[in-house]
>>> print(open('structure_19.txt').read())   # compact mmCIF, C-alpha atoms
# COMPACT_ATOMS: atom_id res chain seq x y z
CA MET L 1 123.70 131.85 106.08
CA SER L 2 120.10 131.28 105.15
CA ARG L 3 116.91 132.12 106.96
CA ILE L 4 113.52 130.43 106.88
CA VAL L 5 110.78 132.34 105.06
CA HIS L 6 107.56 132.60 107.10
CA LYS L 7 105.51 135.11 105.10
CA PHE L 8 103.64 134.51 101.85
CA THR L 9 105.55 135.85 98.88
CA ARG L 10 105.64 135.48 95.10
CA THR L 11 109.44 135.44 95.19
CA VAL L 12 110.14 131.72 95.13
CA PRO L 13 112.46 130.69 97.99
CA THR L 14 114.94 127.80 97.97
CA TRP L 15 113.59 124.51 99.30
CA GLN L 16 115.89 122.97 101.92
CA PRO L 17 115.16 119.34 102.84
CA ARG L 18 114.86 118.19 106.47
CA VAL L 19 115.90 114.67 105.49
CA THR L 20 118.88 113.58 103.42
CA PRO L 21 117.90 113.34 99.73
CA VAL L 22 118.88 110.33 97.64
CA ASP L 23 122.49 110.66 96.44
CA LEU L 24 122.43 110.52 92.66
CA ALA L 25 125.78 108.72 92.59
CA SER L 26 124.38 105.79 94.57
CA ALA L 27 120.81 105.81 93.22
CA THR L 28 119.28 102.50 92.12
CA PRO L 29 118.41 101.91 88.45
CA GLU L 30 114.73 102.25 89.39
CA GLN L 31 115.37 105.59 91.08
CA LEU L 32 117.34 106.85 88.08
CA GLU L 33 114.50 105.84 85.79
CA ALA L 34 111.91 107.63 87.94
CA LEU L 35 114.17 110.68 88.14
CA GLN L 36 114.48 110.60 84.35
CA VAL L 37 118.22 111.03 84.65
CA THR L 38 120.01 110.65 81.34
CA PRO L 39 123.57 111.53 80.35
CA SER L 40 122.25 114.84 78.98
CA ASN L 41 119.97 115.53 81.94
CA THR L 42 121.64 115.16 85.31
CA LYS L 43 120.00 118.16 87.01
CA VAL L 44 117.54 116.99 89.64
CA SER L 45 116.14 119.21 92.39
CA ALA L 46 116.66 118.44 96.09
CA TYR L 47 112.89 118.02 96.35
CA VAL L 48 112.68 115.34 93.68
CA LEU L 49 115.78 113.62 95.09
CA THR L 50 114.03 113.56 98.47
CA LEU L 51 110.89 112.00 96.98
CA ALA L 52 113.06 109.41 95.24
CA HIS L 53 113.22 107.64 98.62
CA ASP L 54 109.71 106.42 97.69
CA VAL L 55 110.26 105.67 94.05
CA GLU L 56 106.93 103.94 93.40
CA SER L 57 105.00 107.03 94.53
CA LEU L 58 107.27 109.39 92.64
CA LYS L 59 106.78 107.51 89.38
CA VAL L 60 102.99 107.82 89.47
CA ARG L 61 102.78 111.26 91.05
CA SER L 62 104.65 113.30 88.43
CA PRO L 63 102.37 112.43 85.47
CA LEU L 64 99.31 112.81 87.71
CA PHE L 65 100.47 116.26 88.83
CA ASN L 66 101.06 117.40 85.26
CA ALA L 67 97.70 116.08 84.04
CA ILE L 68 95.75 117.83 86.81
CA MET L 69 97.50 121.17 86.38
CA TYR L 70 98.15 121.30 82.62
CA ASP L 71 95.87 118.98 80.58
CA GLU L 72 93.72 120.63 77.92
CA GLY L 73 90.05 121.47 78.45
CA GLY L 74 88.05 122.18 81.57
CA MET L 75 89.18 124.91 83.92
CA SER L 76 91.69 127.56 82.85
CA ARG L 77 95.26 127.13 84.02
CA SER L 78 95.20 130.26 86.15
CA GLU L 79 92.01 129.17 87.93
CA ARG L 80 93.58 125.79 88.69
CA GLU L 81 96.49 127.77 90.17
CA LEU L 82 93.99 129.62 92.35
CA GLY L 83 92.86 126.26 93.77
CA ALA L 84 96.51 125.39 94.44
CA ILE L 85 97.06 128.75 96.15
CA GLY L 86 93.97 128.31 98.34
CA ALA L 87 95.21 124.95 99.59
CA SER L 88 98.76 126.23 100.10
CA MET L 89 97.55 129.21 102.13
CA VAL L 90 95.47 126.98 104.42
CA ASN L 91 98.39 124.61 104.97
CA ARG L 92 100.86 127.53 105.14
CA CYS L 93 103.10 125.93 102.55
CA ILE L 94 105.11 129.08 101.80
CA TYR L 95 107.08 127.42 99.02
CA CYS L 96 104.04 126.03 97.16
CA ALA L 97 102.15 129.30 97.57
CA ALA L 98 105.09 131.23 96.10
CA VAL L 99 105.52 128.98 93.07
CA HIS L 100 101.82 128.98 92.23
CA ALA L 101 101.19 132.66 92.98
CA ASP L 102 104.06 133.45 90.64
CA ARG L 103 102.53 131.21 87.95
CA HIS L 104 99.11 132.74 88.48
CA ALA L 105 100.53 136.25 88.09
CA LYS L 106 102.38 135.29 84.91
CA LEU L 107 99.36 133.54 83.38
CA GLU L 108 97.11 136.48 84.22
CA LYS L 109 99.82 139.05 83.41
CA SER L 110 98.72 140.69 86.68
CA THR L 111 99.68 140.47 90.33
CA GLU L 112 96.37 141.96 91.48
CA VAL L 113 94.71 138.75 92.70
CA THR L 114 97.72 137.31 94.50
CA ASP L 115 98.59 140.72 96.01
CA GLU L 116 95.07 140.86 97.44
CA LEU L 117 95.26 137.30 98.77
CA PHE L 118 98.67 137.69 100.38
CA THR L 119 97.93 141.05 101.99
CA LYS L 120 94.29 140.59 103.01
CA GLY L 121 93.88 136.81 103.25
CA LEU L 122 90.24 135.89 103.78
CA ASN L 123 89.18 139.51 103.29
CA ALA L 124 90.74 139.79 99.83
CA ASP L 125 88.66 141.77 97.35
CA LEU L 126 88.04 139.23 94.57
CA SER L 127 85.69 138.98 91.58
CA PRO L 128 82.57 136.90 92.32
CA ARG L 129 83.96 133.98 90.29
CA ASN L 130 87.39 134.08 91.95
CA ARG L 131 85.70 134.45 95.35
CA ALA L 132 83.63 131.29 94.80
CA ILE L 133 86.72 129.38 93.60
CA PHE L 134 88.96 130.55 96.43
CA ASP L 135 86.36 129.93 99.15
CA PHE L 136 85.70 126.41 97.90
CA ALA L 137 89.43 125.65 97.72
CA ARG L 138 89.99 127.03 101.21
CA LYS L 139 87.17 125.06 102.81
CA LEU L 140 88.00 121.80 101.04
CA SER L 141 91.59 122.25 102.21
CA GLU L 142 90.66 122.95 105.83
CA ALA L 143 88.88 119.59 106.09
CA PRO L 144 87.70 116.95 103.61
CA VAL L 145 84.10 117.70 104.59
CA GLY L 146 84.76 121.44 105.07
CA ALA L 147 83.08 122.54 101.84
CA THR L 148 79.28 122.41 101.74
CA GLU L 149 76.52 122.10 99.17
CA GLU L 150 76.14 125.88 99.45
CA ASP L 151 79.80 126.33 98.46
CA MET L 152 79.25 123.99 95.51
CA GLN L 153 76.14 125.92 94.52
CA ALA L 154 78.15 129.16 94.68
CA LEU L 155 80.51 127.68 92.07
CA ARG L 156 77.58 126.84 89.81
CA ASP L 157 76.04 130.29 90.37
CA ALA L 158 79.37 131.85 89.39
CA GLY L 159 79.07 130.05 86.05
CA LEU L 160 81.46 127.12 86.49
CA THR L 161 80.69 124.03 84.41
CA ASP L 162 80.89 120.49 85.80
CA GLU L 163 84.20 120.01 84.01
CA GLU L 164 85.59 123.17 85.60
CA ILE L 165 84.35 122.21 89.05
CA LEU L 166 85.96 118.78 88.74
CA ASP L 167 89.26 120.41 87.77
CA LEU L 168 89.01 122.72 90.79
CA ILE L 169 88.39 119.76 93.11
CA LEU L 170 91.39 117.97 91.59
CA SER L 171 93.82 120.91 91.68
CA THR L 172 92.85 121.87 95.24
CA SER L 173 93.09 118.26 96.44
CA LEU L 174 96.39 117.80 94.63
CA PHE L 175 97.83 120.58 96.76
CA GLY L 176 96.50 118.87 99.85
CA TRP L 177 99.03 116.26 98.73
CA ALA L 178 101.86 118.52 97.54
CA ASN L 179 101.71 120.73 100.66
CA ARG L 180 102.07 117.65 102.88
CA LEU L 181 105.34 116.85 101.12
CA MET L 182 106.84 120.31 100.61
CA HIS L 183 105.85 121.85 103.94
CA VAL L 184 106.58 118.72 105.97
CA LEU L 185 109.81 117.48 104.42
CA GLY L 186 111.61 120.80 104.06
CA ASP L 187 111.95 124.50 104.79
CA PRO L 188 111.59 127.47 102.43
CA VAL L 189 114.80 129.46 102.84
CA ARG L 190 116.39 132.61 101.49
CA GLU L 191 120.11 133.24 101.43
CA GLU L 192 121.14 136.15 103.63
CA VAL L 193 123.14 138.73 101.78
CA SER L 194 126.26 139.36 103.83
CA THR L 195 127.18 143.02 104.27
CA MET E 1 89.67 98.01 86.96
CA SER E 2 87.17 100.12 85.02
CA LEU E 3 86.92 103.87 85.48
CA PHE E 4 83.89 103.67 87.76
CA GLU E 5 85.48 100.97 89.91
CA THR E 6 88.36 103.24 90.95
CA THR E 7 88.20 104.10 94.63
CA ALA E 8 87.57 107.80 94.03
CA LEU E 9 84.57 107.33 91.73
CA ALA E 10 83.15 104.26 93.48
CA VAL E 11 83.21 105.81 96.96
CA GLY E 12 82.31 109.21 95.49
CA GLY E 13 79.07 107.62 94.27
CA VAL E 14 79.69 108.54 90.62
CA THR E 15 77.77 106.21 88.32
CA ASP E 16 76.06 108.26 85.63
CA GLY E 17 74.76 111.74 84.86
CA PRO E 18 76.75 114.97 84.49
CA VAL E 19 79.36 114.14 87.14
CA ALA E 20 80.16 110.85 85.38
CA GLU E 21 80.40 112.69 82.05
CA ALA E 22 82.85 115.18 83.58
CA ALA E 23 84.86 112.33 85.12
CA LYS E 24 85.12 110.62 81.72
CA THR E 25 86.94 113.68 80.36
CA ARG E 26 89.58 113.07 83.06
CA THR E 27 89.87 109.28 82.75
CA ASN E 28 93.68 109.51 82.72
CA ILE E 29 93.63 111.40 86.03
CA MET E 30 91.25 108.94 87.69
CA ASP E 31 93.37 106.00 86.50
CA ALA E 32 96.55 107.69 87.74
CA THR E 33 94.86 108.39 91.08
CA GLN E 34 94.16 104.67 91.43
CA ALA E 35 97.76 103.87 90.49
CA ALA E 36 98.93 106.27 93.18
CA GLU E 37 96.66 104.58 95.74
CA ASN E 38 98.23 101.25 94.86
CA ALA E 39 101.72 102.77 95.18
CA VAL E 40 101.17 104.14 98.68
CA LEU E 41 98.92 101.43 100.14
CA ARG E 42 100.32 98.32 98.46
CA PRO E 43 103.82 99.12 97.14
CA LEU E 44 106.14 96.35 95.97
CA GLN E 45 108.82 97.77 98.25
CA ALA E 46 107.12 98.81 101.47
CA GLY E 47 110.32 99.62 103.39
CA GLY E 48 109.67 99.87 107.13
CA ILE E 49 105.98 100.71 106.65
CA PRO E 50 104.21 97.40 105.93
CA HIS E 51 100.94 97.16 104.01
CA ASP E 52 98.73 96.50 107.03
CA LEU E 53 100.09 99.55 108.86
CA ARG E 54 99.58 101.67 105.73
CA ALA E 55 95.96 100.53 105.43
CA ALA E 56 95.30 101.21 109.12
CA LEU E 57 96.82 104.70 108.98
CA ALA E 58 94.85 105.54 105.81
CA ALA E 59 91.64 104.37 107.48
CA ARG E 60 92.49 106.42 110.57
CA ILE E 61 93.00 109.59 108.50
CA ALA E 62 89.76 108.98 106.59
CA ALA E 63 87.80 108.44 109.79
CA ALA E 64 89.23 111.60 111.36
CA GLY E 65 88.37 113.44 108.16
CA GLY E 66 84.71 112.49 108.41
CA MET E 67 84.74 109.94 105.57
CA PRO E 68 83.69 106.60 107.18
CA ASP E 69 82.97 104.86 103.85
CA LEU E 70 86.47 105.54 102.60
CA ALA E 71 87.84 104.53 106.02
CA ALA E 72 86.06 101.18 105.76
CA ARG E 73 87.50 100.59 102.28
CA TYR E 74 91.06 101.36 103.41
CA ALA E 75 90.64 99.29 106.60
CA GLU E 76 90.05 96.12 104.58
CA GLY E 77 93.83 95.72 104.35
CA ALA E 78 94.62 96.63 107.96
CA GLY E 79 94.92 93.07 109.35
CA ASP E 80 96.68 92.97 112.72
CA MET E 81 97.05 96.76 112.70
CA ALA E 82 93.28 97.37 112.52
CA ALA E 83 93.17 98.84 116.05
CA LEU E 84 95.17 101.84 114.80
CA ALA E 85 92.35 102.78 112.44
CA ASP E 86 90.43 103.94 115.49
CA GLY E 87 91.34 107.48 116.45
CA ALA E 88 90.99 106.53 120.13
CA SER E 89 94.13 104.38 119.80
CA ASN E 90 97.43 106.23 120.13
CA GLY E 91 99.65 103.44 118.80
CA MET E 92 101.50 102.92 122.10
CA ASN E 93 100.38 99.27 122.39
CA GLU E 94 101.95 98.55 119.01
CA GLY E 95 105.09 100.54 119.83
CA LEU E 96 104.11 102.97 117.08
CA GLY E 97 103.13 106.04 119.10
CA HIS E 98 105.60 108.25 117.24
CA ILE E 99 104.36 107.08 113.82
CA VAL E 100 100.70 107.57 114.72
CA ALA E 101 101.24 111.02 116.26
CA PHE E 102 103.23 112.19 113.24
CA THR E 103 100.65 110.87 110.77
CA ASP E 104 97.81 112.55 112.66
CA LYS E 105 99.63 115.88 112.67
CA VAL E 106 100.58 115.78 108.98
CA ALA E 107 97.02 114.84 108.05
CA ASN E 108 95.09 117.20 110.30
CA GLN E 109 97.38 120.02 111.48
CA THR E 110 99.58 120.33 108.43
CA ARG E 111 100.38 123.98 108.93
CA ASP E 112 101.81 123.32 112.42
CA ILE E 113 104.41 120.79 111.29
CA ALA E 114 107.93 121.99 112.08
CA ALA E 115 111.49 120.71 111.75
CA GLU E 116 111.23 119.19 115.25
CA ASP E 117 108.56 116.77 114.05
CA ILE E 118 110.94 115.29 111.50
CA ALA E 119 113.86 115.35 113.95
CA GLY E 120 111.67 113.49 116.47
CA LEU E 121 111.07 110.62 114.05
CA GLN E 122 114.77 110.48 113.21
CA SER E 123 115.63 110.29 116.93
CA ALA E 124 113.13 107.44 117.29
CA GLY E 125 115.07 105.52 114.65
CA VAL E 126 112.79 106.04 111.65
CA SER E 127 114.88 106.15 108.46
CA ASP E 128 114.66 109.09 106.09
CA ALA E 129 113.23 106.80 103.41
CA ASP E 130 110.45 105.69 105.77
CA ILE E 131 109.73 109.32 106.71
CA VAL E 132 109.23 110.07 103.01
CA ARG E 133 107.04 106.95 102.63
CA LEU E 134 104.86 108.04 105.57
CA CYS E 135 104.50 111.52 104.12
CA GLU E 136 103.54 110.18 100.68
CA LEU E 137 100.94 107.89 102.24
CA THR E 138 99.42 110.62 104.40
CA ALA E 139 99.57 113.20 101.62
CA PHE E 140 97.94 110.91 99.08
CA VAL E 141 95.13 110.03 101.48
CA ALA E 142 94.56 113.75 102.15
CA TYR E 143 94.21 114.17 98.37
CA GLN E 144 91.88 111.22 97.82
CA LEU E 145 89.61 112.19 100.74
CA ARG E 146 89.10 115.59 99.17
CA VAL E 147 88.52 114.27 95.67
CA VAL E 148 85.84 111.92 97.02
CA ALA E 149 84.25 114.63 99.17
CA GLY E 150 84.18 116.99 96.17
CA LEU E 151 82.62 114.37 93.88
CA LYS E 152 79.93 113.71 96.48
CA LEU E 153 79.12 117.41 96.66
CA MET E 154 78.92 117.59 92.87
CA GLY E 155 76.54 114.64 92.82
CA ALA E 156 74.39 116.08 95.60
CA THR E 157 73.91 119.35 93.72
CA ALA E 158 73.84 118.08 90.10
>>> encode(input="structure_19.txt", output="C-alpha cells")
Amino acid sequence: MSRIVHKFTRTVPTWQPRVTPVDLASATPEQLEALQVTPSNTKVSAYVLTLAHDVESLKVRSPLFNAIMYDEGGMSRSERELGAIGASMVNRCIYCAAVHADRHAKLEKSTEVTDELFTKGLNADLSPRNRAIFDFARKLSEAPVGATEEDMQALRDAGLTDEEILDLILSTSLFGWANRLMHVLGDPVREEVST
Amino acid sequence: MSLFETTALAVGGVTDGPVAEAAKTRTNIMDATQAAENAVLRPLQAGGIPHDLRAALAARIAAAGGMPDLAARYAEGAGDMAALADGASNGMNEGLGHIVAFTDKVANQTRDIAAEDIAGLQSAGVSDADIVRLCELTAFVAYQLRVVAGLKLMGATA
C-alpha cells in the first residue's frame, strides 16, 4: 500500500502518475529518440514516460530545463534552487519541493534554509539576500503580475546583478511550468511499511 | 527569428541596455523558450487539441494573468476558437466546457488540482495523451507569462 504525501519534506517521495504513461515496448521511434533510450540505457522514469505523450514538448523542455538550472555563470545553483522551491511551495508541488529542497541542502551542505522554509513558511528566518530571492519567487509564482517594482528593487538592494535576477526569473518561472506537470499529472506517494 | 524577436523578449520590451545584455548571456535559453512555444502552440502533431484551440487557451490564460499584450499575441492564431480567449466564455457553446474549466484551474489554482480533475477529463472522453498536451500547453504559458512579467520589471527598474 502507498499513501499520498501532503506535507513538505526533503525526503523525495515516489511520483505516481494519474494517467497511463507511454509503454516503452510500443513507443514510436520519435518517442524513443526523445526519451534517449538506447540498448544500454532503458531506464526511464514514469514521469518522463508520461510526458512522452507530448513528444514535441518533451524534446525541447529537457535541454531548456537543464540550461536554466545548471548553465555556467549568473546566479549560483543553490539560489536557483531557492527560486524553484518558492514556486513549488506556492503551487504545493510536494514532489518538486522535495527534490529541490534536497538539492539545495546538498549544495549548501546545510538544511538550515529549507528547514526554516518548511516549518515556518512565510515567516521563515532568512538572510536578507535569501529573503529577497524567496519573496520575489513566491510573488511571481502566485500570479504573473504578483511581483512588483519594489520586490525587484529589493533584489537589487540585496546585491543581485542583472544576470542573477534574470536567472531567478527563469528558474522561478520554470517551476511554474514543472509544478503544473508534476502536481497535476501525478501524486507524490510513500510506500507504507507493513507491520 | 533573432534573439530580440522571440516572444519573451519582444513582449517583455527588451531592446537594449542592461536587461538586453543579461538576456544575451542566456541566448540559448531564450531560443529554447521560443522552440517550446512553437511546440505547444503549433506542434506538428496536435492530437485532439488543434492549433486554434491552443492559441485561444493560451490567450485566455494570459488575459486572466493580467498580461493583455501577450494575450493579443497568442490570440492571433485563435481563429474560430477566439471566443474562448475571453474569460467570460465558459466553453459550453463549443462543447469544450470541461477543457476550459480544467485549463483555468491548472493555470490559476494549481495547488487545488486533485486526482478528480484528471479523472473528470478521462470520464469526458479526453485521452491521456491529450491531457498531457493540455498540461504542457498550460504549464508553458504559465512559464512564459512569468518570464515576460519579470523582464518588464527588470526594464522598469534598470
>>> residues_near_point(input="structure_19.txt", point="(97.6, 127.5, 93.6)", cutoff="9 Å", atoms="only C-alpha atoms", output="list in words")
Ser78, Glu79, Arg80, Glu81, Leu82, Gly83, Ala84, Ile85, Gly86, Ala87, Ser88, Met89, Cys96, Ala97, Ala98, Val99, His100, Ala101, Arg103, His104, Ser171, Thr172 and Phe175 of chain L
>>> interface_residues(input="structure_19.txt", of="chain E", to="chain L", cutoff="8 Å", atoms="all atoms listed in the file", output="ChimeraX atom specification")
/E:18-19,22-23,25,28-29,32-33,35-36,39-40,43,65-67,106-108,110-111,113-115,118,128-130,132-133,135-136,138-147,149-151,153-154,156-157
>>> atom_distance(input="structure_19.txt", atom1="CA of Leu96 (chain E)", atom2="CA of Leu57 (chain E)")
11.0 Å
>>> residues_near_point(input="structure_19.txt", point="(102.5, 103.0, 113.1)", cutoff="9 Å", atoms="all atoms listed in the file", output="ChimeraX atom specification")
/E:49,53-54,56-57,81,84,91,94-101,103
>>> atom_distance(input="structure_19.txt", atom1="CA of Asp135 (chain L)", atom2="CA of Asp112 (chain E)")
21.4 Å
>>> closest_residue(input="structure_19.txt", among="E:Gly155, E:Gly79, E:Gly120, E:Gly12", to="Asp52 (chain E)", atoms="all atoms listed in the file")
E:Gly79
>>> axis_aligned_box(input="structure_19.txt", around="region 51-57 of chain E", padding_each_side="3 Å", output="AutoDock Vina command-line options")
--center_x 98.1 --center_y 100.6 --center_z 106.6 --size_x 11.6 --size_y 14.2 --size_z 11.1
>>> closest_residue(input="structure_19.txt", among="L:Leu126, L:Val113, L:Ile133, L:Leu35", to="Leu155 (chain L)", atoms="only C-alpha atoms")
L:Ile133
>>> closest_residue(input="structure_19.txt", among="L:Thr111, L:Asn130, L:Ser2, L:Ser26", to="Leu160 (chain L)", atoms="all atoms listed in the file")
L:Asn130
>>> closest_residue(input="structure_19.txt", among="E:Ala82, E:Ala158, E:Val148, E:Val126", to="Ala10 (chain E)", atoms="only C-alpha atoms")
E:Val148
>>> closest_residue(input="structure_19.txt", among="E:Ser89, E:Thr15, E:Thr7, E:Gln34", to="Ala71 (chain E)", atoms="all atoms listed in the file")
E:Thr7
>>> atom_distance(input="structure_19.txt", atom1="CA of Glu5 (chain E)", atom2="CA of Tyr70 (chain L)")
25.0 Å
